[in-house]
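Next comes data34.cif, with mmCIF, C-alpha atoms.
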data_structure
#
loop_
_atom_site.label_atom_id
_atom_site.label_comp_id
_atom_site.auth_asym_id
_atom_site.auth_seq_id
_atom_site.Cartn_x
_atom_site.Cartn_y
_atom_site.Cartn_z
CA MET A 240 213.45 -26.01 30.91
CA THR A 241 210.89 -28.49 32.21
CA ASP A 242 207.33 -29.23 31.10
CA ARG A 243 206.06 -27.36 34.17
CA GLU A 244 208.10 -24.26 33.29
CA TYR A 245 206.89 -24.20 29.68
CA MET A 246 203.31 -24.78 30.83
CA GLN A 247 203.64 -21.90 33.28
CA ILE A 248 204.61 -19.65 30.36
CA ALA A 249 201.47 -20.74 28.48
CA ILE A 250 199.34 -20.04 31.57
CA ASP A 251 201.00 -16.64 32.07
CA ILE A 252 200.17 -15.79 28.46
CA SER A 253 196.55 -16.82 29.07
CA LYS A 254 196.29 -14.34 31.94
CA ASN A 255 196.88 -11.40 29.59
CA ALA A 256 195.10 -12.66 26.47
CA MET A 257 191.81 -11.33 25.10
CA PHE A 258 190.38 -14.79 25.73
CA PRO A 259 191.87 -16.85 28.60
CA TYR A 260 194.04 -19.23 26.61
CA GLY A 261 197.77 -19.34 25.96
CA ALA A 262 200.19 -21.56 24.07
CA VAL A 263 203.88 -21.94 23.31
CA ILE A 264 205.60 -24.27 20.89
CA VAL A 265 208.99 -25.71 21.77
CA LYS A 266 211.39 -27.38 19.36
CA ASP A 267 214.92 -28.44 20.28
CA ASP A 268 214.53 -26.83 23.74
CA LYS A 269 213.73 -23.43 22.23
CA ILE A 270 210.41 -21.57 22.12
CA VAL A 271 209.68 -21.13 18.41
CA GLY A 272 206.06 -19.94 18.61
CA ARG A 273 203.94 -18.03 21.11
CA SER A 274 200.27 -17.15 21.08
CA ASP A 275 200.98 -13.67 22.47
CA ALA A 276 203.27 -12.74 19.58
CA VAL A 277 202.01 -10.21 17.05
CA ILE A 278 201.03 -12.18 13.95
CA LYS A 279 199.34 -11.28 10.71
CA SER A 280 195.58 -11.55 11.06
CA SER A 281 193.93 -13.73 8.47
CA GLY A 282 190.55 -12.22 9.30
CA ASP A 283 189.10 -15.52 10.48
CA LYS A 284 188.00 -16.57 13.96
CA LEU A 285 190.84 -19.08 14.23
CA TYR A 286 193.04 -16.04 14.81
CA ASN A 287 191.72 -16.02 18.40
CA HIS A 288 192.69 -19.65 19.11
CA SER A 289 195.94 -19.75 21.08
CA GLU A 290 197.28 -22.91 19.44
CA TYR A 291 196.62 -21.48 15.98
CA ARG A 292 198.31 -18.19 16.92
CA ALA A 293 201.38 -20.02 18.28
CA ILE A 294 201.58 -22.13 15.11
CA GLN A 295 201.25 -19.01 12.95
CA ASN A 296 204.02 -17.34 14.95
CA ALA A 297 206.23 -20.43 14.51
CA SER A 298 205.52 -20.30 10.76
CA GLU A 299 206.53 -16.64 10.65
CA ASN A 300 209.72 -17.67 12.50
CA GLY A 301 210.67 -20.11 9.72
CA PHE A 302 208.88 -23.29 10.77
CA ALA A 303 206.33 -23.32 7.96
CA GLY A 304 207.21 -26.64 6.39
CA ASP A 305 208.15 -27.21 2.81
CA ARG A 306 205.24 -29.24 1.45
CA ILE A 307 202.02 -27.78 0.12
CA GLY A 308 202.75 -24.27 1.27
CA GLU A 309 202.44 -23.73 5.01
CA LEU A 310 199.88 -26.46 5.69
CA TYR A 311 201.88 -29.63 6.37
CA GLY A 312 204.98 -30.23 8.45
CA GLY A 313 207.52 -27.72 9.67
CA LEU A 314 207.15 -28.51 13.35
CA GLU A 315 208.10 -32.20 13.30
CA GLY A 316 209.25 -33.22 16.75
CA ALA A 317 207.95 -30.07 18.45
CA THR A 318 205.88 -29.89 21.64
CA ILE A 319 202.93 -27.54 22.09
CA TYR A 320 202.12 -26.41 25.62
CA THR A 321 198.62 -25.01 25.87
CA SER A 322 196.77 -23.72 28.91
CA CYS A 323 193.63 -25.55 27.81
CA GLN A 324 192.99 -28.77 25.90
CA PRO A 325 192.95 -28.02 22.16
CA CYS A 326 189.60 -27.91 20.40
CA MET A 327 189.00 -30.18 17.41
CA ILE A 328 189.93 -27.43 14.93
CA CYS A 329 193.24 -26.72 16.65
CA MET A 330 193.93 -30.45 16.95
CA GLY A 331 193.61 -30.70 13.17
CA VAL A 332 196.17 -27.93 12.67
CA ILE A 333 198.48 -29.48 15.31
CA LEU A 334 198.34 -32.87 13.56
CA TYR A 335 198.89 -31.34 10.10
CA LYS A 336 201.96 -29.52 11.40
CA LYS A 337 203.26 -32.87 12.73
CA ILE A 338 203.71 -31.67 16.29
CA LYS A 339 204.70 -34.78 18.22
CA ARG A 340 203.70 -33.85 21.74
CA ILE A 341 200.75 -32.00 23.25
CA VAL A 342 200.81 -30.86 26.88
CA TYR A 343 197.75 -29.11 28.27
CA GLY A 344 196.40 -27.79 31.56
CA ALA A 345 192.64 -27.17 31.74
CA ARG A 346 190.18 -29.48 29.99
CA LEU A 347 187.53 -28.57 27.45
CA GLU A 348 184.93 -29.30 30.11
CA ASP A 349 186.53 -26.54 32.22
CA SER A 350 186.38 -24.15 29.28
CA SER A 351 182.73 -25.10 28.71
CA LYS A 352 181.91 -24.42 32.34
CA TYR A 353 183.60 -21.02 32.63
CA VAL A 354 184.05 -19.50 29.17
CA VAL A 355 182.28 -20.96 26.14
CA LYS A 356 180.55 -24.25 25.32
CA GLU A 357 183.01 -26.54 23.59
CA ILE A 358 182.60 -29.71 21.61
CA GLU A 359 184.31 -32.05 24.02
CA ALA A 360 186.44 -34.54 22.16
CA SER A 361 189.25 -36.68 23.50
CA VAL A 362 192.62 -35.31 22.45
CA GLY A 363 194.05 -38.79 22.89
CA GLN A 364 191.54 -40.29 20.48
CA LEU A 365 192.10 -37.50 17.95
CA ALA A 366 195.89 -37.93 18.30
CA ASN A 367 195.46 -41.61 17.48
CA LEU A 368 194.05 -40.56 14.09
CA ALA A 369 197.40 -39.01 13.14
CA ASN A 370 199.63 -40.77 10.67
CA GLU A 371 202.41 -40.74 13.24
CA LYS A 372 202.43 -41.20 17.02
CA VAL A 373 201.55 -38.14 19.10
CA GLU A 374 202.16 -38.09 22.84
CA VAL A 375 199.53 -36.38 24.99
CA VAL A 376 200.18 -35.13 28.53
CA GLU A 377 196.96 -34.09 30.27
CA ASP A 378 196.13 -31.88 33.25
CA LEU A 379 199.60 -30.37 33.84
CA LEU A 380 199.04 -27.41 36.20
CA ARG A 381 195.30 -27.85 35.64
CA VAL A 382 194.34 -26.06 38.87
CA GLU A 383 196.32 -22.97 37.84
CA ALA A 384 194.92 -23.03 34.30
CA VAL A 385 191.32 -23.38 35.54
CA GLU A 386 191.81 -20.42 37.89
CA VAL A 387 192.55 -18.25 34.84
CA LEU A 388 189.30 -19.40 33.19
CA LYS A 389 187.32 -18.67 36.37
CA SER A 390 188.90 -15.25 36.78
CA TRP A 391 188.26 -14.31 33.16
CA SER A 392 184.65 -15.46 33.47
CA LYS A 393 184.04 -13.24 36.50
CA GLU A 394 185.58 -10.21 34.80
CA ASN A 395 183.90 -10.70 31.42
CA LYS A 396 180.56 -12.40 32.10
CA ASP A 397 178.60 -9.37 30.91
CA LYS A 398 180.76 -8.70 27.82
CA TYR A 399 180.43 -12.02 25.97
#
Final structure tokens representation of the file:
Amino acid sequence: MTDREYMQIAIDISKNAMFPYGAVIVKDDKIVGRSDAVIKSSGDKLYNHSEYRAIQNASENGFAGDRIGELYGGLEGATIYTSCQPCMICMGVILYKKIKRIVYGARLEDSSKYVVKEIEASVGQLANLANEKVEVVEDLLRVEAVEVLKSWSKENKDKY
């Protein structure tokens, strides 16, 4: 599959999520984690972050890593496709899991405009803080991803 096809899956997930974000993790041309999979809730708010959910699902599928419990490694060489640029918290988890490639659609500024105010930080700059090189692909299918944010905002503006 292509980057566009994997990104479309992430965007499709975002259309049916409680909050308008979706993510898939691909390793060796296979989806190993999805944010729409049923995962064990840890009771914290990170549970609602699509990247975190996809990483948790990948961990439950055997990609937990073998150092210091489930915190480090396990997804070396993987790519995460996320409908929106990862927040700083999710970037930390992505870097700890040693994901090598991040592909996203909408930007944090789009999320801030339509859903919730975000701390806008450059994913590229945060990726440069990693111990190993991380490739970042920005704005793939951004128009489609932003449409999901807009739609969700219209439907939920009075709820949140």
task = Give the answer as one residue: which of A:Ile358, A:Leu347, A:Ile341, A:Cys323 has the shortest atom-to-atom distance to Pro259 of chain A, using only C-alpha atoms?
result = A:Cys323
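The two atoms in question, atom CA of Met240 of chain A and atom CA of Ile264 of chain A, are spaced 12.8 Å apart.
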query = Leaving out segment 380-394 of chain A and any residue of its chain fewer than 4 positions from it, which residues lie within 10 Å of it when counting all atoms listed in the file, given as a PyMOL selection string?
reply = chain A and resi 242-243+246-247+249-251+253-261+321-323+343-346+349-355+398-399
task = Might you spell out which residues the PyMOL selection byres ((chain A and resi 371) around 10) would select in the displayed file, as a PyMOL selection string?
result = chain A and resi 334+337-339+366-370+372-374
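Of the listed residues (A:Thr241, A:Ser361, A:Ser298, A:Asn395), A:Ser298 comes nearest to Lys336 of chain A; the distances count only C-alpha atoms.
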